[in-house]
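Engineer: Handing over input14.txt, compact mmCIF, C-alpha atoms.
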# COMPACT_ATOMS: atom_id res chain seq x y z
CA MET I 1 -37.59 6.28 64.74
CA SER I 2 -39.06 2.77 65.00
CA TYR I 3 -37.65 -0.09 67.02
CA ASN I 4 -36.52 -1.88 63.81
CA GLU I 5 -34.24 0.92 62.63
CA PRO I 6 -30.63 1.05 63.84
CA PRO I 7 -29.68 4.15 65.80
CA PRO I 8 -27.97 6.90 63.78
CA PRO I 9 -24.16 6.96 63.96
CA PRO I 10 -22.51 9.40 66.37
CA GLY I 11 -22.33 12.86 64.83
CA GLY I 12 -25.37 12.19 62.67
CA ASN I 13 -23.45 11.44 59.42
CA PRO I 14 -22.94 7.97 58.01
CA PRO I 15 -19.32 6.88 57.56
CA PRO I 16 -17.84 7.49 54.11
CA PRO I 17 -17.93 4.54 51.73
CA PRO I 18 -14.71 2.50 51.59
CA GLY I 19 -12.25 3.48 48.90
CA GLY I 20 -12.76 6.25 46.46
CA GLY I 21 -11.44 6.98 43.00
CA TYR I 22 -12.61 4.66 40.26
CA GLY I 23 -15.39 2.35 41.40
CA GLY I 24 -14.27 2.02 45.00
CA ALA I 25 -10.53 1.90 44.30
CA PRO I 26 -8.58 4.80 45.79
CA GLN I 27 -6.55 7.13 43.61
CA PHE I 28 -2.77 7.33 43.34
CA GLY I 29 -1.05 8.41 46.53
CA ALA I 30 -3.31 6.35 48.80
CA PRO I 31 -1.85 4.99 52.05
CA ALA I 32 0.00 1.66 51.98
CA GLY I 33 -2.32 -1.33 51.88
CA VAL I 34 -5.06 0.64 50.10
CA PRO I 35 -5.50 -0.19 46.38
CA ARG I 36 -3.78 2.32 44.10
CA PRO I 37 -2.54 2.28 40.48
CA ALA I 38 0.35 -0.14 40.14
CA GLU I 39 3.76 1.24 39.25
CA LEU I 40 5.63 0.25 36.10
CA LEU I 41 8.34 -1.71 37.95
CA ASN I 42 5.88 -3.94 39.80
CA ARG I 43 3.89 -4.59 36.66
CA PHE I 44 7.09 -5.45 34.80
CA LEU I 45 8.21 -7.84 37.55
CA ALA I 46 4.81 -9.56 37.57
CA ARG I 47 5.02 -10.07 33.80
CA LEU I 48 8.58 -11.32 34.13
CA ILE I 49 7.49 -13.97 36.66
CA ASP I 50 4.64 -15.03 34.37
CA HIS I 51 6.94 -15.22 31.34
CA VAL I 52 9.51 -17.31 33.23
CA LEU I 53 6.77 -19.78 34.17
CA LEU I 54 5.38 -19.83 30.63
CA GLY I 55 8.93 -20.11 29.26
CA VAL I 56 9.42 -23.40 31.11
CA VAL I 57 6.28 -24.83 29.48
CA TYR I 58 7.30 -23.40 26.08
CA GLY I 59 10.77 -24.94 26.52
CA ILE I 60 9.23 -28.38 26.98
CA PHE I 61 7.30 -28.00 23.72
CA TYR I 62 10.47 -26.74 22.02
CA VAL I 63 12.43 -29.84 23.05
CA ILE I 64 9.63 -32.22 22.02
CA LEU I 65 9.04 -30.58 18.63
CA SER I 66 12.74 -30.25 17.83
CA ALA I 67 13.19 -33.96 18.57
CA ILE I 68 10.40 -34.70 16.12
CA PHE I 69 11.21 -32.26 13.30
CA LEU I 70 14.87 -31.30 13.60
CA THR I 71 16.63 -34.64 14.00
CA GLY I 72 20.03 -35.30 12.52
CA PHE I 73 22.41 -32.79 11.00
CA SER I 74 20.30 -31.75 8.06
CA TYR I 75 16.62 -31.05 7.79
CA SER I 76 14.48 -29.64 5.05
CA PHE I 77 12.92 -26.22 4.73
CA GLY I 78 9.53 -27.92 5.15
CA GLU I 79 10.56 -29.43 8.49
CA GLN I 80 11.81 -26.06 9.68
CA PHE I 81 8.60 -24.38 8.57
CA ILE I 82 6.41 -26.90 10.42
CA PHE I 83 8.63 -26.65 13.51
CA TYR I 84 8.55 -22.84 13.70
CA THR I 85 4.84 -22.67 12.80
CA LEU I 86 3.83 -25.11 15.53
CA LEU I 87 6.01 -23.31 18.08
CA ALA I 88 4.57 -19.91 17.13
CA VAL I 89 0.99 -21.16 17.39
CA ILE I 90 1.62 -22.89 20.73
CA GLN I 91 3.38 -19.82 22.13
CA ALA I 92 0.76 -17.31 20.93
CA ALA I 93 -2.23 -19.41 22.01
CA GLY I 94 -0.67 -20.41 25.33
CA TYR I 95 0.39 -16.92 26.36
CA LEU I 96 -2.88 -15.30 25.32
CA ALA I 97 -4.97 -18.00 27.00
CA TYR I 98 -2.95 -17.81 30.24
CA PHE I 99 -3.29 -14.04 30.67
CA THR I 100 -6.88 -13.85 29.40
CA LEU I 101 -8.30 -16.67 31.49
CA LEU I 102 -6.55 -15.81 34.74
CA GLU I 103 -7.31 -12.09 34.53
CA SER I 104 -10.96 -12.58 33.58
CA ASN I 105 -11.59 -15.30 36.19
CA ARG I 106 -9.37 -14.21 39.09
CA GLY I 107 -8.18 -10.72 38.21
CA GLN I 108 -4.63 -11.96 38.74
CA THR I 109 -1.97 -14.04 37.08
CA ILE I 110 0.57 -15.89 39.22
CA GLY I 111 3.01 -12.98 38.86
CA LYS I 112 0.34 -10.51 39.94
CA MET I 113 -0.56 -12.68 42.94
CA ILE I 114 3.07 -12.72 44.08
CA LEU I 115 3.43 -8.94 43.69
CA LYS I 116 -0.06 -8.21 45.08
CA LEU I 117 -1.42 -6.66 41.90
CA ARG I 118 -4.89 -7.10 40.50
CA THR I 119 -6.47 -6.30 37.15
CA TYR I 120 -9.89 -4.66 37.21
CA GLY I 121 -12.35 -3.97 34.45
CA PRO I 122 -13.21 -0.40 33.43
CA ASP I 123 -15.67 -0.13 36.34
CA GLY I 124 -12.76 -0.47 38.79
CA VAL I 125 -14.63 -3.08 40.85
CA SER I 126 -15.00 -6.35 38.91
CA ASN I 127 -12.58 -8.48 36.93
CA PRO I 128 -12.25 -7.67 33.24
CA THR I 129 -14.49 -9.65 30.95
CA VAL I 130 -12.93 -12.33 28.74
CA GLU I 131 -13.10 -9.88 25.82
CA GLN I 132 -11.45 -7.07 27.80
CA ALA I 133 -8.74 -9.39 29.13
CA ALA I 134 -8.08 -10.72 25.62
CA LYS I 135 -7.83 -7.20 24.19
CA ARG I 136 -5.42 -5.97 26.86
CA ASN I 137 -3.20 -9.04 26.35
CA ALA I 138 -3.44 -9.37 22.57
CA TYR I 139 0.13 -8.13 22.19
CA SER I 140 1.37 -11.24 24.02
CA ALA I 141 0.38 -13.27 20.92
CA LEU I 142 2.58 -11.26 18.54
CA GLY I 143 5.02 -14.17 18.58
CA ILE I 144 2.69 -15.67 15.96
CA LEU I 145 4.66 -13.58 13.47
CA SER I 146 7.32 -16.30 13.75
CA ILE I 147 5.33 -18.30 11.20
CA ILE I 148 6.65 -16.00 8.47
CA PRO I 149 9.58 -17.95 7.01
CA ILE I 150 13.07 -16.57 7.72
CA LEU I 151 12.06 -12.96 8.50
CA GLY I 152 9.61 -14.08 11.17
CA TRP I 153 11.88 -16.79 12.54
CA PHE I 154 14.87 -14.55 13.09
CA PHE I 155 13.39 -11.06 13.50
CA LEU I 156 9.62 -10.38 13.64
CA GLY I 157 8.87 -13.14 16.15
CA TRP I 158 10.82 -11.31 18.86
CA ALA I 159 11.04 -7.71 17.56
CA ALA I 160 7.28 -7.06 17.32
CA PRO I 161 6.53 -8.23 20.90
CA LEU I 162 9.53 -6.24 22.18
CA ALA I 163 8.33 -3.08 20.40
CA ALA I 164 4.84 -3.57 21.90
CA VAL I 165 6.26 -3.96 25.42
CA ILE I 166 8.37 -0.81 25.05
CA PHE I 167 5.37 1.13 23.76
CA ILE I 168 3.24 -0.12 26.68
CA ALA I 169 5.94 0.88 29.17
CA VAL I 170 6.20 4.38 27.70
CA THR I 171 2.43 4.95 27.61
CA LEU I 172 1.95 3.45 31.07
CA ASN I 173 4.68 5.58 32.63
CA SER I 174 3.48 8.78 30.96
CA ASP I 175 -0.15 8.32 32.09
CA GLN I 176 -0.11 9.96 35.51
CA PRO I 177 -1.59 9.23 37.98
CA ASN I 178 -3.57 6.26 36.60
CA HIS I 179 -0.68 4.31 35.00
CA GLN I 180 -2.78 2.93 32.17
CA GLY I 181 -0.94 1.73 29.08
CA TRP I 182 -2.35 1.76 25.57
CA HIS I 183 -3.40 -1.89 26.07
CA ASP I 184 -5.50 -0.89 29.10
CA LYS I 185 -7.17 1.85 27.09
CA PHE I 186 -7.63 -0.46 24.10
CA ALA I 187 -9.50 -2.84 26.43
CA GLY I 188 -11.91 -0.07 27.42
CA GLY I 189 -10.04 1.31 30.42
CA THR I 190 -8.87 -1.69 32.44
CA ARG I 191 -6.77 -0.90 35.51
CA VAL I 192 -4.02 -2.70 37.38
CA LEU I 193 -3.97 -1.83 41.06
CA GLN I 194 -1.51 -2.51 43.85
CA ILE I 195 -3.66 -4.24 46.47
CA GLY I 196 -1.07 -4.93 49.13
Turn the structure described in the file into structure tokens.

Structural biologist:
Amino acid sequence: MSYNEPPPPPGGNPPPPPGGGYGGAPQFGAPAGVPRPAELLNRFLARLIDHVLLGVVYGIFYVILSAIFLTGFSYSFGEQFIFYTLLAVIQAAGYLAYFTLLESNRGQTIGKMILKLRTYGPDGVSNPTVEQAAKRNAYSALGILSIIPILGWFFLGWAAPLAAVIFIAVTLNSDQPNHQGWHDKFAGGTRVLQIG
């Protein structure tokens, strides 16, 4: 042993690396405070917080656009079409951009920050890429179906996103112990971990 080398640890074995499981993140059943796959309820609550915040912004656009296109007691089919199309595009683009940009840059949306959740890429260490974050959140843009006159306005615009959320919840809850929904697998294996 030279003078530049640190002495060996007591017992002769180096300490185990932090974490475990996928890419440094411990598996399900880890002690409190150690990252572990996030449960369905916490993920739902984080999304709910995000959707309430986004709903406020969407509501502002709704009021502005309705004042422009739906004034008076009667308005044409064309005015309704433009109104619903603009709302659908704003909603789809806004929701997808919010989730994609925050998850790829920070690993967390505001809802995830509050509930101490974090999204990781398939390696389990880094944030998802923009492409992975966009893939895992693509279902949040299904509101774009509202551009389909009548059927989209009154049914598809809300039914398709609801069906996607239910399917995600079922697949997430049935994937034990990792709690990955189909959207996580579609994005290459992204993971949402409880970090606090």

Engineer: Tell me which protein, DNA and RNA residues are within 10 Å of region 182-196 of chain I, counting all atoms listed in the file, leaving out same-chain ones fewer than 4 positions away, and put them as a VMD selection string.

Structural biologist: chain I and resid 22 25 to 28 32 to 39 42 to 43 107 to 108 112 to 113 115 to 125 127 to 129 131 to 139 164 to 165 167 to 172 175 178

Engineer: Rounded to one decimal, what separation in Å do you get between CA of Phe154 (chain I) and CA of Leu48 (chain I)?

Structural biologist: 22.2 Å

Engineer: So for region 94-98 of chain I, what box centre and size do we get, axis-aligned, 4 Å extra on each of the six sides, every listed atom, Å to one decimal, as JSON?

Structural biologist:
{"center_x": -2.3, "center_y": -17.9, "center_z": 27.8, "size_x": 13.4, "size_y": 13.1, "size_z": 12.9}

Engineer: Give me, as a PyMOL selection string, all polymer residues having an atom no more than 9 Å from region 52-54 of chain I, counting all atoms listed in the file and skipping those fewer than 5 positions away in the same chain.

Structural biologist: chain I and resi 47+59+91+94-95+98+110

Engineer: In Å, with one decimal, what is the gap from CA of Leu96 (chain I) to CA of Asn173 (chain I)?

Structural biologist: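 Between these atoms lies a distance of 23.4 Å.
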
Engineer: Considering all atoms listed in the file, return as a CSV table (one decimal) with C-alpha atoms, in the coordinates of the input whatever protein or nucleic-acid residues lie within 9 Å of Ile82 (chain I), sequence-local ones (same chain, fewer than 5 positions apart) excluded.

Structural biologist:
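Printed below is around.csv as written:
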chain,number,residue,atom,x,y,z
I,69,PHE,CA,11.2,-32.3,13.3
I,77,PHE,CA,12.9,-26.2,4.7
I,87,LEU,CA,6.0,-23.3,18.1
I,147,ILE,CA,5.3,-18.3,11.2

Engineer: To one decimal in Å, tell me the separation between CA of Trp153 (chain I) and CA of Ser76 (chain I).

Structural biologist: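 About the pair CA of Trp153 (chain I) and CA of Ser76 (chain I): they are 15.1 Å apart.
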
Engineer: Residues near Pro149 (chain I), anyone? I mean within 12 Å using all atoms listed in the file, not counting same-chain ones fewer than 3 positions away, as a list in words.

Structural biologist: Phe77, Gly78, Glu79, Gln80, Phe81, Ile82, Phe83, Tyr84, Thr85, Ala88, Ile144, Leu145, Ser146, Gly152, Trp153, Phe154, Phe155, Leu156 and Gly157 of chain I

Engineer: Which residue gives the smallest distance to Thr100 (chain I) among I:Ala141, I:Leu40, I:Val56, I:Ile68, with only C-alpha atoms counted?

Structural biologist: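 Ranked by minimum distance to Thr100 (chain I), first place goes to I:Ala141.
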